[in-house]
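A.B. asks: Mind looking over this structure? Questions follow.
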Amino acid sequence: MHYALTLGPETLQALPSGALHWPARNLLAVSDLHLGKSARLARRGGALLPPYETRATLEKLDADIAATAPATVICLGDSFDDLAAPDQMDESDRLWLIRLMAGRHWIWVEGNHDPGPLALGGTHLAQTTIGALTFRHIADPAETFDISGHYHPKARLAGQARPCFLADRHRIILPAYGIFTGGLWCDHPTLAGLMQPGALAILTGARARAIPMPPPS
């Protein structure tokens, strides 16, 4: 159900959930969980979202970890929706996340919403390079073999909107993994400027499905 990708010398798997699996390194990467978004909006008087969004995101992450049994998990930034979210996390959700982290090398990459939840442990880095690949929150146009998130790309297929990966020879941009995170259409000029001609949009859903990345509208 995954879609196989090649980045530099490595073969990766875009999972239908929006996670990226690197089997050779026993590694799972996710981006933009935005845990605590509904609570943050409620605190600030914004639009109300269903209060179970954190639990639904953790449930999806739990399923991917169970399926891939990674030794390393990298969260590519904006793991929590703001600085207050980790402290205000429901205790049962906190314990669930701690259980997922147990026995794994867990790396929190800094995002623009948060620096990573320091109280939860794990390793906190601005970015990290493993083998030929560099994992960061926001894509660097000057770098190659770059894996990032931040933009929450999405695309349409048969009239339905889906979060999607963007991939070319030089970089992969992950979709937002969190529930109710919104997104940027993949034909937006910002994303078109980052990706090379011939890039793919790999839509999430029941299975990972690749389409040519639409040109800027």
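So you can find residues: chains in the structure tokens are A, B, ... in the order shown, residues in each start at 1, and ligands are numbered from 1 in order.
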Give me the residues within 10 Å of Asp90 in chain A as a PyMOL selection string, counting only C-alpha atoms and dropping any in the same chain fewer than 5 places off.
C.D. replies: chain A and resi 36+54-55+85+95-96
A.B. asks: Using only C-alpha atoms, which of the listed residues (A:Leu157, A:Ala67, A:Ala14, A:Ala29) sits closest to Val109 in chain A?
C.D. replies: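 Closest candidate: A:Ala29.
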A.B. asks: What does the distance from CA of Ile65 in chain A to CA of Gly183 in chain A come to in Å, to one decimal?
C.D. replies: 24.2 Å
A.B. asks: Please, what distance in Å, to one decimal, runs between CA of Cys186 in chain A and CA of Gly149 in chain A?
C.D. replies: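 CA of Gly149 in chain A lies 12.8 Å from CA of Cys186 in chain A.
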A.B. asks: So which one's closest to Lys60 in chain A, A:Ser92, A:Ser17, A:Thr181, A:Thr123? Using only C-alpha atoms, please.
C.D. replies: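 Selected residue with least distance to Lys60 in chain A: A:Ser17.
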A.B. asks: Do you have the CA of Leu194 in chain A-CA of Arg169 in chain A distance handy?
C.D. replies: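 For CA of Leu194 in chain A relative to CA of Arg169 in chain A, the distance reads 11.7 Å.
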A.B. asks: If you count only C-alpha atoms, which residues fall within 9 Å of His188 in chain A, apart from same-chain ones fewer than 6 positions away, as a PyMOL selection string?
C.D. replies: chain A and resi 215-217
